[in-house]
Each structure stands twice: as C-alpha cells, then as structure tokens.
file model.txt (compact mmCIF, C-alpha atoms)
# COMPACT_ATOMS: atom_id res chain seq x y z
CA MET A 12 -27.06 1.52 22.99
CA LYS A 13 -27.23 -1.31 25.50
CA TYR A 14 -24.05 -3.39 25.78
CA LEU A 15 -24.66 -6.92 27.06
CA THR A 16 -22.22 -9.72 27.88
CA PRO A 17 -24.11 -13.02 28.19
CA ALA A 18 -22.34 -16.04 29.69
CA SER A 19 -23.96 -18.64 27.42
CA PHE A 20 -25.36 -18.92 23.89
CA ALA A 21 -28.81 -19.70 25.33
CA GLU A 22 -28.69 -16.42 27.24
CA ALA A 23 -27.41 -14.57 24.16
CA ALA A 24 -30.27 -15.97 22.09
CA SER A 25 -32.95 -15.01 24.61
CA LEU A 26 -31.47 -11.52 25.02
CA ALA A 27 -31.60 -11.08 21.25
CA ARG A 28 -35.15 -12.48 21.04
CA ASP A 29 -36.41 -10.08 23.71
CA ALA A 30 -34.51 -7.02 22.45
CA SER A 31 -36.38 -4.31 20.58
CA GLY A 32 -34.96 -2.26 17.75
CA VAL A 33 -31.69 -3.09 16.01
CA THR A 34 -29.63 -5.87 17.56
CA ARG A 35 -26.10 -6.88 16.63
CA PHE A 36 -23.80 -9.58 17.96
CA LEU A 37 -20.20 -8.55 18.61
CA ALA A 38 -17.27 -10.93 18.15
CA GLY A 39 -14.30 -9.37 16.34
CA GLY A 40 -16.21 -6.21 15.48
CA THR A 41 -14.31 -5.56 12.24
CA ASP A 42 -17.60 -5.18 10.36
CA VAL A 43 -19.97 -4.11 13.16
CA LEU A 44 -17.77 -1.26 14.41
CA VAL A 45 -17.13 0.02 10.89
CA GLN A 46 -20.89 0.03 10.21
CA MET A 47 -21.52 1.86 13.50
CA ARG A 48 -18.86 4.42 12.68
CA ALA A 49 -20.29 5.04 9.20
CA ASP A 50 -23.84 5.31 10.61
CA ILE A 51 -24.90 2.39 8.40
CA VAL A 52 -26.08 0.43 11.45
CA THR A 53 -26.67 1.90 14.89
CA PRO A 54 -27.56 -0.97 17.21
CA ASP A 55 -29.96 -0.40 20.10
CA THR A 56 -28.56 -3.56 21.64
CA LEU A 57 -25.05 -4.88 21.19
CA ILE A 58 -24.49 -8.42 22.48
CA ASP A 59 -20.81 -9.20 23.05
CA ILE A 60 -20.45 -13.00 22.86
CA LYS A 61 -16.78 -13.10 23.90
CA HIS A 62 -17.61 -13.73 27.56
CA ILE A 63 -19.04 -17.16 26.68
CA ASP A 64 -16.72 -20.06 27.56
CA GLY A 65 -14.77 -21.61 24.70
CA VAL A 66 -15.51 -19.02 22.01
CA ARG A 67 -11.81 -18.62 21.20
CA ASP A 68 -10.97 -22.33 21.14
CA ILE A 69 -9.82 -24.47 18.24
CA ILE A 70 -10.70 -28.04 19.20
CA ARG A 71 -10.05 -31.37 17.48
CA GLY A 72 -13.18 -33.51 17.59
CA ALA A 73 -13.41 -37.27 18.21
CA ASP A 74 -14.03 -37.83 14.48
CA GLY A 75 -10.87 -35.91 13.53
CA GLY A 76 -12.73 -32.77 12.48
CA TRP A 77 -12.33 -29.33 14.02
CA THR A 78 -14.58 -27.01 15.97
CA ILE A 79 -13.62 -23.35 15.74
CA GLY A 80 -14.99 -21.00 18.40
CA VAL A 81 -17.03 -18.15 16.97
CA ALA A 82 -14.73 -15.43 18.34
CA THR A 83 -11.47 -17.09 17.23
CA PRO A 84 -9.53 -14.47 15.28
CA GLY A 85 -7.83 -15.30 11.99
CA ALA A 86 -4.40 -14.77 13.56
CA GLU A 87 -4.99 -17.67 15.95
CA MET A 88 -6.07 -19.95 13.10
CA LYS A 89 -2.93 -19.05 11.16
CA GLU A 90 -0.72 -19.85 14.16
CA HIS A 91 -2.36 -23.28 14.57
CA ALA A 92 0.06 -25.53 12.64
CA GLU A 93 -2.09 -28.67 12.62
CA LEU A 94 -5.21 -26.90 11.38
CA GLY A 95 -3.20 -25.19 8.63
CA ALA A 96 -1.61 -28.47 7.55
CA GLU A 97 -5.01 -30.15 7.16
CA TRP A 98 -7.09 -27.25 5.82
CA PRO A 99 -4.66 -24.78 4.22
CA GLY A 100 -7.41 -23.40 1.97
CA VAL A 101 -9.68 -22.46 4.86
CA VAL A 102 -6.83 -20.89 6.83
CA GLU A 103 -5.51 -18.98 3.79
CA GLY A 104 -8.98 -17.75 2.85
CA MET A 105 -9.38 -16.33 6.35
CA ASP A 106 -5.85 -14.93 6.36
CA LEU A 107 -6.44 -12.94 3.17
CA ILE A 108 -8.95 -10.70 4.96
CA GLY A 109 -7.53 -7.31 5.86
CA SER A 110 -4.35 -6.38 7.67
CA THR A 111 -2.44 -7.93 10.58
CA GLN A 112 -4.52 -5.69 12.85
CA VAL A 113 -7.79 -6.91 11.34
CA GLN A 114 -6.56 -10.51 11.65
CA GLY A 115 -6.16 -9.90 15.37
CA ARG A 116 -9.94 -9.59 15.67
CA ALA A 117 -11.78 -10.81 12.56
CA THR A 118 -13.55 -14.19 12.67
CA LEU A 119 -14.84 -16.86 10.28
CA THR A 120 -18.29 -16.50 11.80
CA GLY A 121 -18.33 -12.73 11.32
CA ASN A 122 -17.22 -13.08 7.72
CA LEU A 123 -20.02 -15.59 7.10
CA CYS A 124 -22.72 -13.51 8.84
CA ASN A 125 -21.66 -10.27 7.17
CA ALA A 126 -22.90 -12.08 4.06
CA SER A 127 -20.74 -10.26 1.54
CA PRO A 128 -20.61 -12.08 -1.81
CA ALA A 129 -16.88 -11.27 -1.87
CA ALA A 130 -16.07 -12.66 1.59
CA ASP A 131 -12.76 -14.51 1.29
CA SER A 132 -13.23 -17.18 3.94
CA VAL A 133 -16.70 -18.19 2.77
CA PRO A 134 -15.86 -19.94 -0.54
CA ALA A 135 -13.08 -21.78 1.32
CA MET A 136 -15.55 -22.89 4.03
CA VAL A 137 -18.17 -23.89 1.46
CA ALA A 138 -15.67 -25.97 -0.51
CA ALA A 139 -14.44 -27.60 2.68
CA GLY A 140 -17.99 -28.66 3.60
CA VAL A 141 -18.08 -26.55 6.76
CA GLU A 142 -21.24 -26.58 8.86
CA VAL A 143 -22.18 -24.24 11.68
CA THR A 144 -24.28 -24.69 14.79
CA VAL A 145 -27.04 -22.11 14.96
CA SER A 146 -28.33 -21.51 18.49
CA GLY A 147 -31.70 -19.92 19.06
CA PRO A 148 -34.28 -19.48 21.78
CA ASP A 149 -35.77 -22.89 20.87
CA GLY A 150 -32.55 -24.88 20.74
CA SER A 151 -29.87 -25.42 18.14
CA ARG A 152 -29.53 -26.81 14.62
CA ARG A 153 -26.72 -27.60 12.18
CA VAL A 154 -26.64 -25.57 8.97
CA LYS A 155 -24.32 -25.81 5.96
CA ALA A 156 -22.13 -22.72 5.54
CA GLU A 157 -23.54 -22.11 2.05
CA ASP A 158 -27.07 -21.85 3.50
CA ILE A 159 -26.26 -18.95 5.86
CA PRO A 160 -25.97 -16.02 3.39
CA VAL A 161 -29.14 -15.50 1.33
CA ALA A 162 -28.40 -12.12 -0.27
CA PRO A 163 -25.74 -9.41 0.06
CA GLY A 164 -25.76 -8.45 3.75
CA ARG A 165 -28.59 -10.86 4.64
CA THR A 166 -28.56 -14.26 6.33
CA SER A 167 -31.03 -17.08 6.91
CA LEU A 168 -30.79 -16.56 10.69
CA SER A 169 -34.03 -15.45 12.33
CA LYS A 170 -34.49 -13.12 15.28
CA GLY A 171 -32.74 -14.44 18.35
CA GLU A 172 -30.55 -16.86 16.41
CA LEU A 173 -26.77 -16.76 16.30
CA ILE A 174 -23.95 -19.03 15.20
CA SER A 175 -22.40 -20.77 18.19
CA ALA A 176 -19.73 -22.96 16.56
CA VAL A 177 -18.03 -23.63 13.23
CA HIS A 178 -17.40 -27.27 12.30
CA ILE A 179 -14.74 -28.23 9.78
CA PRO A 180 -15.07 -31.89 8.71
CA PRO A 181 -12.32 -34.47 9.28
CA ARG A 182 -9.64 -34.07 6.60
CA GLY A 183 -9.35 -37.82 5.95
CA ASP A 184 -6.81 -39.37 3.59
CA ASN A 185 -5.72 -38.12 0.16
CA GLY A 186 -7.58 -34.83 0.44
CA GLY A 187 -6.56 -31.24 -0.19
CA ASP A 188 -8.16 -27.81 -0.35
CA ALA A 189 -7.22 -24.39 -1.67
CA TYR A 190 -8.61 -20.88 -2.00
CA LEU A 191 -7.49 -18.20 -4.44
CA ARG A 192 -8.84 -14.77 -5.15
CA PHE A 193 -8.11 -12.28 -7.88
CA ILE A 194 -7.28 -8.73 -6.82
CA PRO A 195 -5.41 -6.13 -8.88
CA ARG A 196 -2.71 -5.74 -6.20
CA THR A 197 -0.87 -8.07 -3.83
CA GLU A 198 -2.50 -7.40 -0.47
CA MET A 199 -5.31 -5.61 1.36
CA ASP A 200 -8.07 -5.66 -1.23
CA ILE A 201 -11.50 -7.15 -1.82
CA ALA A 202 -11.93 -10.15 -4.12
CA VAL A 203 -12.93 -9.48 -7.73
CA VAL A 204 -13.42 -13.24 -7.98
CA GLY A 205 -12.72 -15.91 -5.36
CA CYS A 206 -12.61 -19.68 -5.76
CA GLY A 207 -12.44 -22.56 -3.30
CA VAL A 208 -11.69 -26.17 -4.25
CA ASN A 209 -11.64 -29.26 -2.04
CA LEU A 210 -10.68 -32.64 -3.51
CA ARG A 211 -10.16 -36.25 -2.55
CA LEU A 212 -8.14 -38.65 -4.71
CA ASP A 213 -7.85 -42.36 -5.25
CA GLY A 214 -4.37 -42.66 -6.70
CA ASP A 215 -4.33 -39.95 -9.37
CA VAL A 216 -8.08 -39.93 -9.91
CA ILE A 217 -10.38 -37.37 -8.27
CA THR A 218 -13.17 -39.18 -6.40
CA GLU A 219 -14.74 -36.26 -4.53
CA ALA A 220 -14.77 -32.56 -5.35
CA ARG A 221 -16.42 -29.40 -4.10
CA VAL A 222 -15.92 -26.16 -6.02
CA SER A 223 -17.16 -22.76 -4.84
CA LEU A 224 -17.08 -19.29 -6.36
CA GLY A 225 -17.17 -15.90 -4.64
CA ALA A 226 -17.93 -12.37 -5.88
CA VAL A 227 -19.63 -13.58 -9.08
CA ALA A 228 -23.22 -13.79 -7.76
CA PRO A 229 -25.33 -12.31 -4.93
CA THR A 230 -24.09 -15.09 -2.64
CA VAL A 231 -21.11 -17.43 -2.62
CA LEU A 232 -21.92 -20.35 -4.95
CA LEU A 233 -21.33 -24.07 -4.47
CA VAL A 234 -21.10 -25.24 -8.08
CA GLN A 235 -21.89 -28.92 -8.52
CA ALA A 236 -21.43 -28.59 -12.30
CA CYS A 237 -17.78 -27.66 -11.70
CA ALA A 238 -17.23 -30.61 -9.40
CA ASP A 239 -18.80 -32.94 -11.99
CA THR A 240 -16.30 -31.85 -14.67
CA ILE A 241 -13.31 -33.06 -12.67
CA ILE A 242 -14.63 -36.04 -10.67
CA GLY A 243 -13.27 -39.20 -12.30
CA SER A 244 -10.45 -37.29 -13.99
CA THR A 245 -6.76 -36.87 -13.20
CA LEU A 246 -7.16 -33.10 -13.63
CA ASP A 247 -5.77 -33.40 -17.16
CA GLU A 248 -5.98 -30.58 -19.70
CA ALA A 249 -9.39 -31.68 -20.99
CA ALA A 250 -10.83 -31.74 -17.45
CA LEU A 251 -9.35 -28.32 -16.70
CA ASP A 252 -10.94 -26.90 -19.87
CA ARG A 253 -14.33 -28.30 -18.85
CA LEU A 254 -13.84 -26.91 -15.32
CA ALA A 255 -13.15 -23.40 -16.60
CA GLU A 256 -16.16 -23.54 -18.88
CA ALA A 257 -18.45 -24.70 -16.05
CA ALA A 258 -17.11 -22.04 -13.65
CA SER A 259 -17.69 -19.25 -16.17
CA ALA A 260 -21.16 -20.61 -16.94
CA ALA A 261 -22.08 -20.51 -13.24
CA CYS A 262 -21.32 -16.80 -12.92
CA ASN A 263 -24.03 -14.22 -12.46
CA PRO A 264 -21.94 -11.19 -11.56
CA ILE A 265 -22.40 -7.44 -11.61
CA THR A 266 -20.18 -4.80 -13.14
CA ASP A 267 -18.66 -2.50 -10.52
CA LYS A 268 -15.45 -0.57 -9.94
CA ARG A 269 -13.57 -3.81 -9.26
CA GLY A 270 -14.49 -5.63 -12.44
CA THR A 271 -16.93 -6.00 -15.30
CA VAL A 272 -19.31 -8.90 -15.89
CA LYS A 273 -17.14 -10.07 -18.78
CA PHE A 274 -13.91 -9.86 -16.79
CA ARG A 275 -15.33 -11.65 -13.73
CA THR A 276 -16.84 -14.39 -15.87
CA HIS A 277 -13.52 -15.04 -17.59
CA VAL A 278 -11.42 -14.83 -14.42
CA ALA A 279 -13.71 -17.30 -12.62
CA GLY A 280 -12.70 -19.97 -15.14
CA VAL A 281 -8.98 -19.21 -14.91
CA LEU A 282 -9.08 -19.07 -11.11
CA ALA A 283 -10.99 -22.37 -10.87
CA GLN A 284 -8.24 -24.07 -12.85
CA ARG A 285 -5.43 -22.59 -10.76
CA THR A 286 -7.18 -23.37 -7.47
CA ALA A 287 -7.96 -26.94 -8.52
CA LYS A 288 -4.29 -27.50 -9.41
CA ILE A 289 -3.17 -26.36 -5.96
CA ALA A 290 -5.80 -28.51 -4.21
CA TYR A 291 -4.76 -31.49 -6.39
CA GLY A 292 -1.10 -31.08 -5.49
CA ARG A 293 -2.00 -30.93 -1.81
CA ALA A 294 -4.28 -33.99 -2.06
CA LYS A 295 -1.38 -35.89 -3.65
CA GLY A 296 0.82 -34.80 -0.77
CA GLU A 297 3.25 -33.19 -3.21
CA THR A 298 2.81 -29.63 -1.98
CA LYS A 299 1.73 -27.88 1.19
CA MET B 29 -27.07 6.80 28.51
CA SER B 30 -25.47 4.94 31.40
CA LYS B 31 -21.73 4.62 31.38
CA VAL B 32 -19.91 1.36 31.96
CA HIS B 33 -17.15 0.98 34.52
CA VAL B 34 -14.08 -0.68 33.03
CA THR B 35 -11.01 -2.02 34.81
CA THR B 36 -8.07 -2.76 32.56
CA SER B 37 -4.28 -2.66 32.39
CA ILE B 38 -2.57 -0.10 30.19
CA ASN B 39 1.20 -0.37 29.72
CA GLY B 40 1.32 -2.43 32.90
CA ASP B 41 -0.63 0.06 35.03
CA SER B 42 -4.01 -0.90 36.43
CA THR B 43 -6.47 1.65 35.04
CA GLU B 44 -10.16 2.35 35.56
CA TYR B 45 -12.49 4.49 33.51
CA LEU B 46 -16.16 5.08 32.79
CA CYS B 47 -17.19 5.01 29.16
CA ASP B 48 -20.23 5.10 26.96
CA PRO B 49 -20.54 1.64 25.31
CA ARG B 50 -20.34 3.29 21.88
CA GLU B 51 -16.95 4.85 22.60
CA THR B 52 -13.98 3.17 20.96
CA LEU B 53 -10.86 2.21 22.87
CA LEU B 54 -9.07 4.83 20.76
CA ASP B 55 -11.43 7.55 22.03
CA VAL B 56 -10.94 6.42 25.62
CA LEU B 57 -7.15 6.36 25.29
CA ARG B 58 -6.96 9.80 23.71
CA ASP B 59 -9.80 11.74 25.31
CA GLN B 60 -9.99 10.28 28.80
CA LEU B 61 -6.55 8.90 29.56
CA ASN B 62 -4.55 11.51 27.64
CA LEU B 63 -2.60 8.81 25.85
CA THR B 64 -2.50 10.59 22.51
CA GLY B 65 0.17 8.42 20.88
CA ALA B 66 -2.40 6.32 19.04
CA LYS B 67 -3.83 8.47 16.25
CA GLU B 68 -7.12 8.43 14.45
CA GLY B 69 -6.45 8.27 10.73
CA CYS B 70 -9.44 6.62 9.10
CA GLY B 71 -11.48 5.35 12.06
CA THR B 72 -12.43 2.25 10.08
CA GLY B 73 -9.45 -0.10 10.51
CA ASP B 74 -7.76 0.68 7.21
CA CYS B 75 -4.77 2.83 8.17
CA GLY B 76 -3.28 1.34 11.34
CA ALA B 77 -2.43 4.70 12.96
CA CYS B 78 -4.40 3.66 16.06
CA SER B 79 -2.59 0.31 16.49
CA VAL B 80 -2.23 -1.04 20.02
CA THR B 81 -1.90 -4.54 21.40
CA MET B 82 -4.64 -6.19 23.44
CA ASP B 83 -3.43 -9.30 25.31
CA ASP B 84 -0.37 -9.18 23.01
CA ARG B 85 -2.50 -9.29 19.87
CA LEU B 86 -2.07 -6.40 17.42
CA VAL B 87 -5.39 -4.60 16.83
CA CYS B 88 -6.77 -1.29 15.62
CA SER B 89 -8.02 0.53 18.72
CA CYS B 90 -10.64 2.26 16.55
CA LEU B 91 -12.18 -1.19 15.97
CA VAL B 92 -12.28 -2.07 19.67
CA LEU B 93 -14.87 -0.66 22.04
CA GLY B 94 -13.67 0.84 25.31
CA VAL B 95 -15.87 -1.62 27.18
CA GLU B 96 -14.12 -4.56 25.50
CA ALA B 97 -10.87 -3.70 27.31
CA GLU B 98 -12.32 -5.00 30.58
CA GLY B 99 -9.81 -7.39 32.12
CA LYS B 100 -7.40 -7.08 29.18
CA GLU B 101 -3.79 -5.93 28.91
CA ILE B 102 -3.47 -2.99 26.57
CA LYS B 103 -0.10 -1.74 25.36
CA THR B 104 0.39 1.55 23.53
CA VAL B 105 3.33 3.44 22.07
CA GLU B 106 3.69 5.34 25.37
CA GLY B 107 4.92 2.11 26.97
CA ILE B 108 7.66 1.31 24.44
CA ALA B 109 10.53 3.39 25.85
CA GLU B 110 11.93 2.63 29.29
CA GLY B 111 12.03 6.01 30.97
CA GLU B 112 14.42 8.18 28.96
CA THR B 113 15.84 5.18 27.09
CA LEU B 114 14.29 4.77 23.68
CA HIS B 115 13.38 1.35 22.34
CA PRO B 116 15.75 0.20 19.54
CA LEU B 117 12.90 0.61 17.04
CA GLN B 118 12.45 4.24 18.12
CA ARG B 119 16.20 4.94 17.84
CA LYS B 120 16.42 3.33 14.43
CA PHE B 121 13.42 5.29 13.16
CA ILE B 122 15.30 8.48 14.08
CA GLU B 123 18.62 7.26 12.62
CA HIS B 124 17.02 6.20 9.32
CA ALA B 125 14.74 9.26 9.15
CA ALA B 126 11.85 6.80 8.88
CA LEU B 127 9.25 9.44 9.60
CA GLN B 128 8.22 12.80 8.32
CA CYS B 129 4.86 14.03 9.65
CA GLY B 130 4.80 11.26 12.26
CA VAL B 131 1.09 10.50 12.34
CA CYS B 132 1.59 6.87 11.29
CA THR B 133 4.71 6.35 13.41
CA PRO B 134 3.20 5.27 16.75
CA GLY B 135 1.10 2.64 15.00
CA ILE B 136 4.06 1.39 12.99
CA LEU B 137 6.26 1.18 16.09
CA ILE B 138 3.63 -0.89 17.93
CA ALA B 139 3.05 -3.11 14.88
CA ALA B 140 6.78 -3.63 14.28
CA LYS B 141 7.39 -4.40 17.96
CA SER B 142 4.61 -6.97 17.83
CA LEU B 143 6.22 -8.58 14.76
CA LEU B 144 9.69 -8.75 16.32
CA GLU B 145 8.30 -10.36 19.46
CA LYS B 146 6.88 -13.17 17.34
CA ASN B 147 9.62 -13.29 14.75
CA PRO B 148 13.00 -11.73 15.72
CA ASP B 149 14.49 -12.42 12.28
CA PRO B 150 11.90 -11.48 9.66
CA THR B 151 12.67 -11.21 5.95
CA GLU B 152 12.01 -7.89 4.24
CA THR B 153 8.96 -9.46 2.60
CA GLU B 154 7.61 -10.55 5.98
CA VAL B 155 8.07 -7.03 7.37
CA ARG B 156 6.31 -5.50 4.37
CA TYR B 157 3.34 -7.86 4.62
CA TRP B 158 3.08 -7.49 8.40
CA LEU B 159 3.04 -3.68 8.07
CA ALA B 160 0.67 -3.65 5.06
CA GLY B 161 -2.08 -2.35 7.34
CA ASN B 162 -0.05 0.68 8.43
CA LEU B 163 -0.36 3.42 5.86
CA CYS B 164 2.24 6.18 5.54
CA ARG B 165 1.72 8.97 3.03
CA CYS B 166 5.15 10.63 3.52
CA THR B 167 8.04 8.21 3.40
CA GLY B 168 7.32 5.77 0.61
CA TYR B 169 7.90 3.01 3.21
CA ASP B 170 11.48 2.19 2.25
CA LYS B 171 13.07 3.97 5.21
CA ILE B 172 10.52 2.43 7.56
CA ILE B 173 11.36 -1.06 6.36
CA ARG B 174 15.10 -0.39 6.65
CA ALA B 175 14.66 0.94 10.18
CA VAL B 176 12.70 -2.13 11.24
CA MET B 177 15.23 -4.52 9.67
CA ASP B 178 18.12 -2.66 11.33
CA ALA B 179 16.38 -2.60 14.73
CA ALA B 180 15.69 -6.33 14.40
CA ALA B 181 19.39 -7.00 13.66
CA GLU B 182 20.49 -4.93 16.65
CA MET B 183 17.98 -6.62 18.95
CA ARG B 184 19.18 -10.06 17.81
CA GLU B 185 22.77 -9.12 18.60
CA ALA B 186 21.80 -7.82 22.02
CA ALA B 187 19.78 -10.94 22.84
call {"tool": "encode", "arguments": {"input": "model.txt", "output": "structure tokens"}}
result
Amino acid sequence: MKYLTPASFAEAASLARDASGVTRFLAGGTDVLVQMRADIVTPDTLIDIKHIDGVRDIIRGADGGWTIGVATPGAEMKEHAELGAEWPGVVEGMDLIGSTQVQGRATLTGNLCNASPAADSVPAMVAAGVEVTVSGPDGSRRVKAEDIPVAPGRTSLSKGELISAVHIPPRGDNGGDAYLRFIPRTEMDIAVVGCGVNLRLDGDVITEARVSLGAVAPTVLLVQACADTIIGSTLDEAALDRLAEAASAACNPITDKRGTVKFRTHVAGVLAQRTAKIAYGRAKGETK
Amino acid sequence: MSKVHVTTSINGDSTEYLCDPRETLLDVLRDQLNLTGAKEGCGTGDCGACSVTMDDRLVCSCLVLGVEAEGKEIKTVEGIAEGETLHPLQRKFIEHAALQCGVCTPGILIAAKSLLEKNPDPTETEVRYWLAGNLCRCTGYDKIIRAVMDAAAEMREAA
C-alpha cells in the first residue's frame, strides 16, 4: 500500500486519478481503517488529506454561513459554541456517531462519503441544506449533500474526485434545526430511523421547511412531501398528523436485526413529529 | 514494501521509528516501542482499550496509522505517573478496586484523564457518557465511575 500526503486538493485529485487499483482518501479513518482491518477494502493507494492547509478549520463566511474543513473531527465541531448555537441539529447529528474516541477523528465528510443509509450526520446536513465542494482533476463543483450518496456504500464521485469543503448555509433569522434518531439504547448504536428537520418561521407560521429521513431507504431521503405538510402551519396537531403520515409514506426500508419494515415505517412518523417540534422551538428562540 | 520514517513525540520524548504504512499506531506502540499499556481489544474502535491522546485529542490508537503520528504529540498510559508517584486516577482505581482483569484499565485511565483536563468537575452522567466507548467486562462500571468522581474531587481540592 502506497501512503501519500498531498499538499493541495488539486494534487490529491491528480494522485487519485493516476493511481491504479483501489484508492481511498484518509481523513479521520474511522471507516477506512475498520474496513482495512476487516479485509473489506485493502487500498493499493491511501491518500492522507490532512496535510492540506485548512482541512481542520471551521470558518465563518462573508454571507454568515460556515465552511467546515474536511478533516475537522466531530469533537471540534461540538466545542465550537457559535456553530452549535446556530446549527444544533448538524452538530448533534455528528456528535451521535460513536464514542468520545471516535469523535476525536470522525468527520462529516467521511460520514457522507461512507454512504451508509443510517449515517447520523447526513440527514442533519441534508435538512440544513448543506452543500459540498467536490474537487477533481478538471476543477471543482458544488454538490448538494443529498446528491453525494447514490446507494449503500456508493457515491456520485468519479475517479479522482474528492470532497474539499463542507458548506453550511447562513442560519438567518427565525430558523432552527434538529436531528433525532431512534436506537434501542441510550448511546453507541446505529440509527434504526433518523430524522432531520430545518425550519424558518414568520411569527408562529412555518415559511420554509426541509425534512430528511435516514435508515428507511437505500440513501438518506429529502422528503418534500413532509415539508409541504407543515409549511404554512403553526405545527398544530393536524399538521403534525399530516407530517407523520407523509414521513411513513416516504419510507422504503428493509427488515434487519435493528428493525422491521413495519417498525421503521411507524417510527419514521413519530420521529418526524418529535424532531419538528424541537426545530420549531429552536426557530422560535424558546429552546436551545 | 518500503517503510516510512516517522518522527513523533511520545509522552514528551522525541521518538523515531520505521513502519509499514498499514501498521496501526497501536501496533507500533506495542511491537516496536514496547509500550504495551495500550491494549488491543477489538481492533475496530469499539472497545477503547487502545485509547491514547494525539495532540491532546482522545483517539483509539487502533484507528490511527503509525505514519499519521508524524509531527504529533502522543500520550499513553505509561506517561501518567510521575516516576514512582501514581496519578490520582491510578491511586483511586486501586482504592476503589475499579479493575479486575485490567485489560480495559489503561484506556479508561487515559480517557478519564482527558475528560478531567477539559472538565475538572464532571457530573456522573458526563463521566458515563464520556467513557461510553471504553468497555469493561468485569466491573459493571460502577466502581470505575466512583473512582473517577473521587479522583476528580481530590484533584479539584489540590488545584
């Protein structure tokens, strides 16, 4: 295995383009090293991107949004008070992944590129409207987070391409986000269902909404039908009922050891309601 | 397979080694540097027995490659005591009988030390969540938590 440490994303992209055999990028390594250990993936070339300037930075942009470096571990996001105050759902989604030790290394970008349908940070990013910069041998492009995973373990990135930055939009006024997952214990487990909600209010009325679901389909879903049930409402009981119905209707899950199709479909509705309530409280400024 | 030359700092000592890029930091610590405090439990980041800090960030050394330690500061359980004087966490683990077989203990000591450096006055809940990635199959955790809380109290008084 060749271990390479490029100094720029352009160099990383051309190294990956020219590499033969299996290539992996290394940031936090909490998926790559486990796959190497289990002989699931044995890279011929491992490209460590942590020697590129700025990959661990959390930067406020001119528009008020945030750029998160691709090797920024979850622990550093959690310790960033301003980021957590504006995007608690994104930070909590990331923080739910693994132990303190895993948080010391694991990244948003890795979670997105691992392309697990049950990834905790991904529904939160999708609801938040996160975009990523994809750098390749022929330049870079902006891609919506929801367009990166295309199937379990597979992404839309082509050979030589890698994510070089994560962009969280400006929070703006009267907005709030939240992420919840269902697991049968309190910590250290994989989502049976996950849900992200991001809202903006005008007074008590929801004017913008994004609702995402995890672990109920081959990829994380952005469900416009869910958003439509609550836009224009004050998140009253009738709206919550419609939201649950739309969330359950959007599910296309499998039965596995964590949950059955029936269970996941039901829980998706319940979780969507609970997550929306938290996001609503945060958008009103009543809760943190 | 060509080996990579790595220069790093381990428990404050400048250290150099040659390693295969596939070797984990845990393998390097144990097999090359004879620092056998960090243990391999699962090898996949689930059990925490291999916990070390890298630039003061708690990590599983089984999920770090040896080559990634280049230019970093690594701290292991071997660096906790000062000479013959045990760290308060180590003394309290003995006093509270917070270990039986001891395989998880080095990882828990490193993890608990890392917590107390960030938060000298944690609640029991905070200790339990922080240590959720350190599995112990002997003690049932209660004695471990009591030892950490007691060590934290003593360290606050001393400070």
call {"tool": "residues_around", "arguments": {"input": "model.txt", "residues": "Glu96 (chain B)", "least_positions_apart": "4", "cutoff": "9 Å", "atoms": "all atoms listed in the file", "output": "VMD selection string"}}
result
(chain A and resid 59) or (chain B and resid 34 49 52 to 53 92 100)
call {"tool": "write_last_selection", "arguments": {"input": "model.txt", "atoms": "C-alpha atoms", "output": "compact mmCIF listing (two decimals), in the frame of the given file"}}
result
# COMPACT_ATOMS: atom_id res chain seq x y z
CA ASP A 59 -20.81 -9.20 23.05
CA VAL B 34 -14.08 -0.68 33.03
CA PRO B 49 -20.54 1.64 25.31
CA THR B 52 -13.98 3.17 20.96
CA LEU B 53 -10.86 2.21 22.87
CA VAL B 92 -12.28 -2.07 19.67
CA LYS B 100 -7.40 -7.08 29.18
call {"tool": "interface_residues", "arguments": {"input": "model.txt", "of": "chain A", "to": "chain B", "cutoff": "9 Å", "atoms": "all atoms listed in the file", "output": "mmCIF file with C-alpha atoms, in the frame of the given file"}}
result
data_model
loop_
_atom_site.group_PDB
_atom_site.id
_atom_site.type_symbol
_atom_site.label_atom_id
_atom_site.label_comp_id
_atom_site.auth_asym_id
_atom_site.auth_seq_id
_atom_site.Cartn_x
_atom_site.Cartn_y
_atom_site.Cartn_z
ATOM 1 C CA MET A 12 -27.060 1.520 22.990
ATOM 2 C CA LYS A 13 -27.230 -1.310 25.500
ATOM 3 C CA TYR A 14 -24.050 -3.390 25.780
ATOM 4 C CA GLY A 39 -14.300 -9.370 16.340
ATOM 5 C CA GLY A 40 -16.210 -6.210 15.480
ATOM 6 C CA THR A 41 -14.310 -5.560 12.240
ATOM 7 C CA ASP A 42 -17.600 -5.180 10.360
ATOM 8 C CA VAL A 43 -19.970 -4.110 13.160
ATOM 9 C CA LEU A 44 -17.770 -1.260 14.410
ATOM 10 C CA VAL A 45 -17.130 0.020 10.890
ATOM 11 C CA GLN A 46 -20.890 0.030 10.210
ATOM 12 C CA MET A 47 -21.520 1.860 13.500
ATOM 13 C CA ARG A 48 -18.860 4.420 12.680
ATOM 14 C CA ALA A 49 -20.290 5.040 9.200
ATOM 15 C CA LEU A 57 -25.050 -4.880 21.190
ATOM 16 C CA ASP A 59 -20.810 -9.200 23.050
ATOM 17 C CA ALA A 86 -4.400 -14.770 13.560
ATOM 18 C CA GLY A 109 -7.530 -7.310 5.860
ATOM 19 C CA SER A 110 -4.350 -6.380 7.670
ATOM 20 C CA THR A 111 -2.440 -7.930 10.580
ATOM 21 C CA GLN A 112 -4.520 -5.690 12.850
ATOM 22 C CA VAL A 113 -7.790 -6.910 11.340
ATOM 23 C CA GLN A 114 -6.560 -10.510 11.650
ATOM 24 C CA GLY A 115 -6.160 -9.900 15.370
ATOM 25 C CA ARG A 116 -9.940 -9.590 15.670
ATOM 26 C CA GLU A 198 -2.500 -7.400 -0.470
ATOM 27 C CA MET A 199 -5.310 -5.610 1.360
#
call {"tool": "atom_distance", "arguments": {"input": "model.txt", "atom1": "CA of Ala73 (chain A)", "atom2": "CA of Lys299 (chain A)"}}
result
24.6 Å
call {"tool": "atom_distance", "arguments": {"input": "model.txt", "atom1": "CA of Asp149 (chain A)", "atom2": "CA of Gly72 (chain A)"}}
result
25.2 Å
call {"tool": "residues_around", "arguments": {"input": "model.txt", "residues": "Pro148 (chain A)", "least_positions_apart": "6", "cutoff": "7 Å", "atoms": "all atoms listed in the file", "output": "JSON, numbers by chain"}}
result
{"A": [21, 24, 25, 171]}
call {"tool": "atom_distance", "arguments": {"input": "model.txt", "atom1": "CA of Gly104 (chain A)", "atom2": "CA of Gly207 (chain A)"}}
result
8.5 Å
